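K.L.:
Dropping in query_3.cif, which is mmCIF, C-alpha atoms:
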data_structure
loop_
_atom_site.group_PDB
_atom_site.id
_atom_site.type_symbol
_atom_site.label_atom_id
_atom_site.label_comp_id
_atom_site.auth_asym_id
_atom_site.auth_seq_id
_atom_site.Cartn_x
_atom_site.Cartn_y
_atom_site.Cartn_z
ATOM 1 C CA SER A 1 -15.095 -34.354 -51.251
ATOM 2 C CA THR A 2 -15.084 -30.680 -52.236
ATOM 3 C CA MET A 3 -17.988 -29.890 -49.916
ATOM 4 C CA THR A 4 -16.266 -31.740 -47.085
ATOM 5 C CA SER A 5 -13.069 -29.710 -47.472
ATOM 6 C CA VAL A 6 -15.030 -26.448 -47.566
ATOM 7 C CA THR A 7 -16.878 -27.391 -44.386
ATOM 8 C CA SER A 8 -13.623 -28.314 -42.654
ATOM 9 C CA ALA A 9 -12.042 -25.027 -43.672
ATOM 10 C CA ALA A 10 -15.032 -23.066 -42.361
ATOM 11 C CA ALA A 11 -14.919 -24.881 -39.010
ATOM 12 C CA MET A 12 -11.170 -24.470 -38.612
ATOM 13 C CA LYS A 13 -10.088 -22.106 -35.850
ATOM 14 C CA LEU A 14 -6.707 -20.441 -35.546
ATOM 15 C CA LEU A 15 -4.941 -20.066 -32.203
ATOM 16 C CA ASP A 16 -2.057 -17.627 -31.795
ATOM 17 C CA VAL A 17 0.874 -18.733 -29.654
ATOM 18 C CA ARG A 18 3.436 -16.119 -28.686
ATOM 19 C CA LEU A 19 7.105 -17.020 -28.805
ATOM 20 C CA LYS A 20 7.853 -14.573 -25.994
ATOM 21 C CA HIS A 21 5.553 -13.581 -23.176
ATOM 22 C CA ALA A 22 4.644 -9.960 -22.598
ATOM 23 C CA GLY A 23 6.925 -8.117 -20.222
ATOM 24 C CA SER A 24 4.695 -5.250 -19.129
ATOM 25 C CA ILE A 25 2.841 -5.732 -15.821
ATOM 26 C CA LEU A 26 -0.562 -4.072 -15.527
ATOM 27 C CA ALA A 27 -1.300 -4.950 -11.901
ATOM 28 C CA SER A 28 0.036 -7.124 -9.086
ATOM 29 C CA THR A 29 -0.988 -8.279 -5.647
ATOM 30 C CA ILE A 30 0.618 -10.223 -2.822
ATOM 31 C CA GLY A 31 -0.851 -13.093 -0.825
ATOM 32 C CA GLU A 32 -0.702 -16.817 -0.047
ATOM 33 C CA PHE A 33 -2.457 -18.591 -2.897
ATOM 34 C CA THR A 34 -1.128 -22.166 -2.652
ATOM 35 C CA SER A 35 -0.719 -24.620 0.199
ATOM 36 C CA GLY A 36 3.052 -24.566 -0.312
ATOM 37 C CA SER A 37 3.171 -20.923 0.682
ATOM 38 C CA GLY A 38 0.585 -21.127 3.437
ATOM 39 C CA GLY A 39 2.246 -24.012 5.229
ATOM 40 C CA GLY A 40 5.598 -22.270 5.472
ATOM 41 C CA GLY A 41 4.234 -18.771 5.883
ATOM 42 C CA GLY A 42 5.750 -17.673 2.583
ATOM 43 C CA GLN A 43 4.398 -14.954 0.344
ATOM 44 C CA GLU A 44 3.427 -15.150 -3.308
ATOM 45 C CA ILE A 45 2.961 -12.426 -5.900
ATOM 46 C CA ALA A 46 0.336 -12.615 -8.638
ATOM 47 C CA CYS A 47 1.141 -10.466 -11.674
ATOM 48 C CA LEU A 48 -1.271 -9.465 -14.413
ATOM 49 C CA ARG A 49 0.590 -9.060 -17.695
ATOM 50 C CA ALA A 50 -0.519 -7.584 -20.980
ATOM 51 C CA GLY A 51 -2.322 -10.058 -23.199
ATOM 52 C CA GLY A 52 -4.298 -11.669 -20.360
ATOM 53 C CA THR A 53 -1.485 -13.650 -18.714
ATOM 54 C CA ILE A 54 -1.466 -14.294 -14.964
ATOM 55 C CA ASP A 55 1.912 -15.208 -13.447
ATOM 56 C CA LEU A 56 2.167 -16.547 -9.912
ATOM 57 C CA TYR A 57 5.590 -16.181 -8.259
ATOM 58 C CA ARG A 58 6.713 -17.491 -4.880
ATOM 59 C CA ILE A 59 9.195 -15.519 -2.813
ATOM 60 C CA VAL A 60 11.948 -17.940 -1.801
ATOM 61 C CA ILE A 61 14.431 -16.905 0.905
ATOM 62 C CA SER A 62 17.514 -19.105 1.202
ATOM 63 C CA GLN A 63 20.590 -18.859 3.392
ATOM 64 C CA SER A 64 24.082 -19.939 2.434
ATOM 65 C CA GLY A 65 26.964 -20.046 4.881
ATOM 66 C CA GLY A 66 30.696 -19.594 4.325
ATOM 67 C CA ASP A 67 33.474 -22.220 4.072
ATOM 68 C CA ASP A 68 33.170 -24.988 6.645
ATOM 69 C CA ASP A 69 36.837 -26.044 6.728
ATOM 70 C CA ALA A 70 37.807 -27.524 10.058
ATOM 71 C CA ASP A 71 41.292 -25.954 9.889
ATOM 72 C CA ASP A 72 39.935 -22.397 9.586
ATOM 73 C CA GLU A 73 37.651 -22.149 12.607
ATOM 74 C CA ASP A 74 38.402 -18.477 13.181
ATOM 75 C CA GLU A 75 37.516 -17.619 9.603
ATOM 76 C CA ASP A 76 34.270 -19.594 9.863
ATOM 77 C CA GLU A 77 33.210 -17.577 12.877
ATOM 78 C CA ASP A 78 33.724 -14.370 10.946
ATOM 79 C CA ASP A 79 31.826 -15.581 7.907
ATOM 80 C CA GLU A 80 28.241 -14.415 7.894
ATOM 81 C CA GLU A 81 25.375 -16.247 6.322
ATOM 82 C CA GLU A 82 24.283 -14.732 3.045
ATOM 83 C CA VAL A 83 20.551 -14.353 2.595
ATOM 84 C CA THR A 84 19.359 -14.698 -0.982
ATOM 85 C CA THR A 85 15.851 -13.744 -2.050
ATOM 86 C CA THR A 86 14.559 -15.069 -5.374
ATOM 87 C CA MET A 87 11.217 -15.333 -7.129
ATOM 88 C CA LYS A 88 10.179 -18.777 -8.354
ATOM 89 C CA LEU A 89 7.533 -19.126 -11.038
ATOM 90 C CA VAL A 90 4.789 -21.353 -9.638
ATOM 91 C CA SER A 91 2.166 -21.046 -12.355
ATOM 92 C CA ARG A 92 1.499 -19.201 -15.598
ATOM 93 C CA VAL A 93 -2.060 -19.017 -16.902
ATOM 94 C CA GLU A 94 -2.821 -17.897 -20.467
ATOM 95 C CA THR A 95 -6.393 -16.637 -20.393
ATOM 96 C CA ARG A 96 -6.309 -15.199 -23.955
ATOM 97 C CA SER A 97 -8.588 -12.402 -22.858
ATOM 98 C CA ASN A 98 -8.378 -8.766 -21.866
ATOM 99 C CA LEU A 99 -7.873 -8.680 -18.103
ATOM 100 C CA ARG A 100 -8.108 -5.309 -16.384
ATOM 101 C CA SER A 101 -7.567 -5.709 -12.637
ATOM 102 C CA LEU A 102 -6.925 -8.236 -9.875
ATOM 103 C CA ARG A 103 -6.937 -8.368 -6.079
ATOM 104 C CA ALA A 104 -6.188 -10.947 -3.397
ATOM 105 C CA LEU A 105 -9.043 -11.948 -1.119
ATOM 106 C CA ARG A 106 -8.765 -14.102 1.995
ATOM 107 C CA ILE A 107 -12.181 -15.376 2.904
ATOM 108 C CA SER A 108 -13.034 -15.629 6.582
ATOM 109 C CA GLY A 109 -11.981 -18.986 8.011
ATOM 110 C CA SER A 110 -9.524 -19.776 5.197
ATOM 111 C CA LYS A 111 -5.747 -20.156 5.425
ATOM 112 C CA ARG A 112 -5.140 -19.169 1.803
ATOM 113 C CA ASP A 113 -6.062 -16.333 -0.502
ATOM 114 C CA VAL A 114 -8.100 -16.473 -3.684
ATOM 115 C CA LEU A 115 -7.628 -14.186 -6.653
ATOM 116 C CA VAL A 116 -10.383 -11.845 -7.844
ATOM 117 C CA VAL A 117 -9.922 -10.827 -11.496
ATOM 118 C CA GLY A 118 -11.815 -8.264 -13.565
ATOM 119 C CA SER A 119 -11.986 -8.489 -17.354
ATOM 120 C CA ASP A 120 -13.811 -7.111 -20.387
ATOM 121 C CA SER A 121 -16.363 -9.956 -20.419
ATOM 122 C CA GLY A 122 -18.928 -8.174 -18.252
ATOM 123 C CA CYS A 123 -18.191 -10.378 -15.251
ATOM 124 C CA PHE A 124 -15.434 -10.991 -12.734
ATOM 125 C CA SER A 125 -13.900 -14.281 -11.653
ATOM 126 C CA VAL A 126 -12.829 -15.726 -8.312
ATOM 127 C CA LEU A 127 -9.870 -18.058 -8.937
ATOM 128 C CA ASP A 128 -8.328 -20.667 -6.644
ATOM 129 C CA PHE A 129 -4.699 -21.671 -7.326
ATOM 130 C CA GLU A 130 -4.579 -24.540 -4.828
ATOM 131 C CA ASN A 131 -4.030 -27.314 -7.415
ATOM 132 C CA THR A 132 -2.021 -25.231 -9.890
ATOM 133 C CA SER A 133 1.680 -25.678 -10.498
ATOM 134 C CA ASN A 134 4.103 -24.980 -13.304
ATOM 135 C CA ASN A 135 4.795 -28.664 -13.841
ATOM 136 C CA ASN A 136 1.347 -30.059 -14.565
ATOM 137 C CA ASN A 137 0.123 -26.834 -16.201
ATOM 138 C CA ASN A 138 -3.287 -27.053 -14.569
ATOM 139 C CA ALA A 139 -5.622 -24.107 -14.828
ATOM 140 C CA PRO A 140 -6.889 -22.514 -11.604
ATOM 141 C CA THR A 141 -10.282 -23.478 -10.304
ATOM 142 C CA ILE A 142 -13.012 -20.937 -11.060
ATOM 143 C CA LEU A 143 -15.065 -20.637 -7.889
ATOM 144 C CA HIS A 144 -17.447 -17.983 -9.169
ATOM 145 C CA CYS A 145 -17.945 -15.937 -12.334
ATOM 146 C CA PRO A 146 -21.031 -13.730 -11.841
ATOM 147 C CA PRO A 147 -22.110 -11.517 -14.768
ATOM 148 C CA PHE A 148 -23.120 -7.898 -14.169
ATOM 149 C CA GLY A 149 -22.901 -6.002 -17.471
ATOM 150 C CA LYS A 150 -22.251 -5.979 -21.189
ATOM 151 C CA ALA A 151 -19.082 -7.373 -22.740
ATOM 152 C CA SER A 152 -16.168 -5.235 -24.014
ATOM 153 C CA ILE A 153 -14.526 -2.308 -22.245
ATOM 154 C CA ARG A 154 -17.024 0.445 -21.529
ATOM 155 C CA ARG A 155 -16.727 3.400 -19.226
ATOM 156 C CA ASP A 156 -19.952 2.489 -17.401
ATOM 157 C CA THR A 157 -19.315 -1.266 -17.119
ATOM 158 C CA PRO A 158 -17.563 -2.316 -13.871
ATOM 159 C CA GLY A 159 -14.260 -4.128 -14.107
ATOM 160 C CA GLN A 160 -11.623 -1.421 -14.336
ATOM 161 C CA TYR A 161 -11.184 -1.144 -10.549
ATOM 162 C CA LEU A 162 -11.278 -3.828 -7.870
ATOM 163 C CA ALA A 163 -10.989 -3.614 -4.093
ATOM 164 C CA SER A 164 -11.319 -6.236 -1.379
ATOM 165 C CA ASP A 165 -12.007 -5.990 2.315
ATOM 166 C CA PRO A 166 -8.882 -6.935 4.326
ATOM 167 C CA ARG A 167 -11.075 -9.196 6.470
ATOM 168 C CA GLY A 168 -12.347 -11.027 3.374
ATOM 169 C CA ARG A 169 -16.008 -10.173 3.898
ATOM 170 C CA ALA A 170 -16.737 -8.281 0.687
ATOM 171 C CA CYS A 171 -15.259 -6.924 -2.527
ATOM 172 C CA MET A 172 -16.149 -3.881 -4.627
ATOM 173 C CA ILE A 173 -15.871 -3.632 -8.392
ATOM 174 C CA ALA A 174 -16.217 -0.263 -10.114
ATOM 175 C CA SER A 175 -16.259 1.228 -13.587
ATOM 176 C CA VAL A 176 -14.578 4.377 -14.816
ATOM 177 C CA GLU A 177 -17.833 6.279 -14.509
ATOM 178 C CA LYS A 178 -20.908 6.008 -12.279
ATOM 179 C CA ARG A 179 -21.296 2.308 -11.446
ATOM 180 C CA LYS A 180 -20.028 0.493 -8.341
ATOM 181 C CA LEU A 181 -21.080 -2.955 -7.159
ATOM 182 C CA VAL A 182 -20.380 -4.637 -3.823
ATOM 183 C CA TYR A 183 -20.451 -8.425 -3.391
ATOM 184 C CA VAL A 184 -20.679 -9.931 0.088
ATOM 185 C CA VAL A 185 -18.531 -13.071 0.409
ATOM 186 C CA HIS A 186 -19.287 -15.831 2.905
ATOM 187 C CA ARG A 187 -19.399 -19.611 3.269
ATOM 188 C CA ASP A 188 -22.380 -21.917 3.407
ATOM 189 C CA SER A 189 -22.933 -24.861 5.757
ATOM 190 C CA THR A 190 -20.753 -27.129 3.595
ATOM 191 C CA GLY A 191 -17.832 -24.688 3.560
ATOM 192 C CA LYS A 192 -18.308 -23.660 -0.065
ATOM 193 C CA VAL A 193 -17.578 -20.057 -0.977
ATOM 194 C CA THR A 194 -20.704 -18.173 -2.029
ATOM 195 C CA LEU A 195 -21.407 -14.664 -3.302
ATOM 196 C CA ALA A 196 -24.513 -12.717 -2.410
ATOM 197 C CA SER A 197 -26.442 -10.619 -4.896
ATOM 198 C CA PRO A 198 -24.596 -7.399 -5.776
ATOM 199 C CA LEU A 199 -25.394 -4.206 -3.904
ATOM 200 C CA GLU A 200 -25.398 -1.021 -5.957
ATOM 201 C CA ALA A 201 -23.416 2.064 -4.957
ATOM 202 C CA HIS A 202 -23.880 4.038 -8.173
ATOM 203 C CA ARG A 203 -23.185 7.742 -8.269
ATOM 204 C CA PRO A 204 -24.007 9.557 -11.511
ATOM 205 C CA ARG A 205 -21.658 12.067 -13.118
ATOM 206 C CA THR A 206 -18.675 10.678 -11.176
ATOM 207 C CA LEU A 207 -15.305 9.603 -12.578
ATOM 208 C CA VAL A 208 -13.195 7.133 -10.588
ATOM 209 C CA PHE A 209 -9.400 7.217 -10.567
ATOM 210 C CA ASP A 210 -8.645 4.489 -8.036
ATOM 211 C CA LEU A 211 -10.310 2.185 -5.519
ATOM 212 C CA VAL A 212 -8.970 0.455 -2.413
ATOM 213 C CA GLY A 213 -10.265 -1.433 0.616
ATOM 214 C CA VAL A 214 -9.672 0.097 4.058
ATOM 215 C CA ASP A 215 -8.898 -1.937 7.170
ATOM 216 C CA ASN A 216 -11.735 -1.172 9.573
ATOM 217 C CA GLY A 217 -11.276 -4.135 11.871
ATOM 218 C CA TYR A 218 -14.437 -6.159 12.399
ATOM 219 C CA ASP A 219 -16.683 -3.131 11.913
ATOM 220 C CA ASN A 220 -18.528 -2.562 8.665
ATOM 221 C CA PRO A 221 -16.259 -2.838 5.585
ATOM 222 C CA ILE A 222 -15.192 0.506 4.105
ATOM 223 C CA PHE A 223 -13.906 1.194 0.586
ATOM 224 C CA ALA A 224 -12.098 4.385 -0.411
ATOM 225 C CA ALA A 225 -12.416 5.839 -3.910
ATOM 226 C CA LEU A 226 -10.559 8.706 -5.554
ATOM 227 C CA GLU A 227 -13.134 10.384 -7.749
ATOM 228 C CA VAL A 228 -14.247 13.578 -9.451
ATOM 229 C CA GLN A 229 -17.837 14.700 -9.725
ATOM 230 C CA TYR A 230 -18.948 16.859 -12.633
ATOM 231 C CA GLU A 231 -22.214 18.587 -13.370
ATOM 232 C CA GLU A 232 -24.474 17.772 -16.290
ATOM 233 C CA TYR A 233 -24.275 21.304 -17.666
ATOM 234 C CA GLU A 234 -20.465 21.549 -17.433
ATOM 235 C CA ASP A 235 -19.978 22.734 -21.011
ATOM 236 C CA GLY A 236 -22.526 25.513 -20.594
ATOM 237 C CA VAL A 237 -20.912 26.669 -17.361
ATOM 238 C CA LEU A 238 -17.475 26.861 -18.971
ATOM 239 C CA ARG A 239 -18.833 28.855 -21.905
ATOM 240 C CA GLU A 240 -20.629 31.257 -19.561
ATOM 241 C CA ARG A 241 -17.493 31.781 -17.462
ATOM 242 C CA LYS A 242 -15.438 32.473 -20.571
ATOM 243 C CA ARG A 243 -18.003 34.966 -21.802
ATOM 244 C CA ARG A 244 -17.926 36.827 -18.487
ATOM 245 C CA GLU A 245 -14.142 36.976 -18.472
ATOM 246 C CA GLN A 246 -14.117 38.410 -21.972
ATOM 247 C CA SER A 247 -16.805 40.978 -21.093
ATOM 248 C CA GLY A 248 -14.810 42.154 -18.039
ATOM 249 C CA GLU A 249 -17.431 41.466 -15.410
ATOM 250 C CA THR A 250 -16.253 41.582 -11.819
ATOM 251 C CA ALA A 251 -15.970 38.632 -9.473
ATOM 252 C CA ALA A 252 -18.910 39.963 -7.482
ATOM 253 C CA ASN A 253 -21.151 39.672 -10.514
ATOM 254 C CA ASN A 254 -19.886 36.152 -11.120
ATOM 255 C CA ASN A 255 -20.979 35.137 -7.626
ATOM 256 C CA ASN A 256 -24.480 36.529 -8.093
ATOM 257 C CA ASN A 257 -25.557 34.027 -10.716
ATOM 258 C CA ASN A 258 -28.455 32.457 -8.780
ATOM 259 C CA GLY A 259 -26.593 29.152 -8.371
ATOM 260 C CA GLU A 260 -26.226 28.469 -12.087
ATOM 261 C CA ASP A 261 -22.427 28.275 -11.830
ATOM 262 C CA VAL A 262 -20.311 25.997 -9.641
ATOM 263 C CA GLU A 263 -17.316 27.683 -8.069
ATOM 264 C CA ILE A 264 -13.889 26.110 -8.466
ATOM 265 C CA GLY A 265 -13.017 24.083 -5.385
ATOM 266 C CA GLN A 266 -16.578 23.026 -4.666
ATOM 267 C CA PRO A 267 -17.917 19.484 -5.229
ATOM 268 C CA GLY A 268 -19.351 19.184 -8.691
ATOM 269 C CA ASP A 269 -17.074 21.663 -10.433
ATOM 270 C CA GLY A 270 -15.524 18.909 -12.541
ATOM 271 C CA PHE A 271 -12.006 19.752 -11.353
ATOM 272 C CA THR A 272 -11.752 19.008 -7.619
ATOM 273 C CA LYS A 273 -10.822 15.443 -6.671
ATOM 274 C CA GLN A 274 -12.393 13.848 -3.646
ATOM 275 C CA LEU A 275 -11.465 10.928 -1.429
ATOM 276 C CA ALA A 276 -14.845 9.297 -0.817
ATOM 277 C CA TYR A 277 -15.553 6.494 1.653
ATOM 278 C CA TYR A 278 -18.252 3.905 0.956
ATOM 279 C CA GLU A 279 -19.490 1.825 3.882
ATOM 280 C CA LEU A 280 -21.146 -1.564 3.615
ATOM 281 C CA ASP A 281 -23.671 -2.037 6.413
ATOM 282 C CA LEU A 282 -23.718 -5.793 6.966
ATOM 283 C CA GLY A 283 -26.792 -5.572 9.185
ATOM 284 C CA LEU A 284 -28.939 -3.583 6.759
ATOM 285 C CA ASN A 285 -27.278 -5.077 3.665
ATOM 286 C CA HIS A 286 -26.848 -1.605 2.184
ATOM 287 C CA VAL A 287 -23.980 0.480 0.757
ATOM 288 C CA SER A 288 -23.824 4.222 1.385
ATOM 289 C CA ARG A 289 -21.381 7.054 0.701
ATOM 290 C CA ARG A 290 -20.499 8.037 4.237
ATOM 291 C CA TRP A 291 -18.197 11.028 3.824
ATOM 292 C CA ALA A 292 -15.721 12.652 1.445
ATOM 293 C CA ALA A 293 -12.673 14.886 1.734
ATOM 294 C CA LYS A 294 -10.927 17.058 -0.811
ATOM 295 C CA ALA A 295 -7.773 15.592 -2.349
ATOM 296 C CA HIS A 296 -4.892 17.167 -4.217
ATOM 297 C CA ARG A 297 -5.494 17.778 -7.889
ATOM 298 C CA THR A 298 -2.475 15.660 -8.891
ATOM 299 C CA ALA A 299 -3.542 12.604 -6.828
ATOM 300 C CA CYS A 300 -3.853 9.530 -9.049
ATOM 301 C CA CYS A 301 -3.704 6.377 -6.887
ATOM 302 C CA LEU A 302 -4.480 5.093 -3.406
ATOM 303 C CA ALA A 303 -2.635 2.763 -1.037
ATOM 304 C CA ALA A 304 -4.190 1.339 2.105
ATOM 305 C CA VAL A 305 -1.957 1.427 5.196
ATOM 306 C CA PRO A 306 -3.022 -0.809 8.110
#
I need this file expressed as structure tokens, please.
P.N.:
Amino acid sequence: STMTSVTSAAAMKLLDVRLKHAGSILASTIGEFTSGSGGGGGQEIACLRAGGTIDLYRIVISQSGGDDDADDEDEDEDDEEEVTTTMKLVSRVETRSNLRSLRALRISGSKRDVLVVGSDSGCFSVLDFENTSNNNNNAPTILHCPPFGKASIRRDTPGQYLASDPRGRACMIASVEKRKLVYVVHRDSTGKVTLASPLEAHRPRTLVFDLVGVDNGYDNPIFAALEVQYEEYEDGVLRERKRREQSGETAANNNNNNGEDVEIGQPGDGFTKQLAYYELDLGLNHVSRRWAAKAHRTACCLAAVP
């Protein structure tokens, strides 16, 4: 009996249940994730909260008129209908994991959106909330969960940034440094959602601050990234510049350094931010960095405007 109790104690697992859900929101996106919203043209907001909780809210717009007394017809004509906008909780999913980003994706030929979520597990998930409601507490359907890297949060493991093509043809997932992957989304003959093998768009010695999908119509999908490129010998360059300033050398001598230094304001100086555009060529099945423009030093996020 003693051995049995020891074995039971070793196999016992503890599960923490919070009395109050986290209030901080890490990311949010808007779309039509359930049939209830798609049928009436309503919008829904998916919120990513701290602690790995996904909340799905539906925007409900209701109208309420004034008093309908038959004796006060003149007053009824003057009364205006009051429009009330509320948010109704449709579903709450406790993933008990460390989620990092999420985006809405409407696949071509679909009337609803699916949710693309990035986490610290080394993979990202495509979730379908069609059969999820707050009453039956059903979990969303996981359409795909492709792995691409090591688990835990690493600066070179994608998952921190997510972007989706407005036409629902592809999505890009990026890490804080270097790595970017593009997944082409399409449907097979049976109508099932499928993901192609990831296409690499890596760029070494590059830090990413934000990532967003750009509406390019039915041309090749384009993703915009706010990034900074630094050189491998950055520390040596800074030390050399400091030494020259202390020795009192002129600016002309600083320019005649045979290309060993990178001037401030040029790509690769480690200080100048760039707005880079990555294009997915659907015909060649290839991702390339098409062009880049200098951005303000204080820029920190991107917003796509159709």
K.L.:
Would you give me, as a tab-separated table, each residue of region 103-221 of chain A having an atom within 10 Å of an atom of region 46-52 of chain A, along with its shortest atom pair and that distance in Å to one decimal, using all atoms listed in the file and sorting by chain and residue number?
P.N.:
residue	atom	partner	partner_atom	distance
A:Arg103	CA	A:Ala46	CA	8.8
A:Ala104	CA	A:Ala46	CA	8.5
A:Leu115	CA	A:Ala46	CA	8.4
A:Val117	CA	A:Leu48	CA	9.2
A:Ser119	CA	A:Gly52	CA	8.8
K.L.:
Name the residues that the PyMOL selection byres ((chain A and resi 151) around 7) picks from the file above, as JSON, numbers by chain, using the file's chain letters and numbers.
P.N.:
{"A": [120, 121, 122, 149, 150, 152, 153]}
K.L.:
Would you translate the PyMOL selection byres ((chain A and resi 127) around 7) into the concrete set of residues it matches in this file, as number ranges by chain?
P.N.:
A: 114-116, 125-126, 128-129, 140-143
K.L.:
Mind pulling up the distance from CA of Asp219 (chain A) to CA of Asp281 (chain A)?
P.N.:
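Result for CA of Asp281 (chain A) versus CA of Asp219 (chain A): 9.0 Å, one decimal.
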K.L.:
I want to know what sits within 6 Å of His202 (chain A), based on all atoms listed in the file, with residues of the same chain fewer than 4 positions away left out; could you give that as a ChimeraX atom specification?
P.N.:
/A:178-180
K.L.:
Residues within 10 Å of Phe148 (chain A), please, as an NGL selection string. Count all atoms listed in the file; anything in the same chain fewer than 6 positions from it doesn't count.
P.N.:
:A and (121-124 or 157-159 or 181 or 198)
K.L.:
Would you translate the PyMOL selection byres ((chain A and resi 186) around 10) into the concrete set of residues it matches in this file, as JSON, numbers by chain?
P.N.:
{"A": [107, 108, 109, 168, 169, 170, 183, 184, 185, 187, 188, 191, 192, 193, 194, 195, 196]}
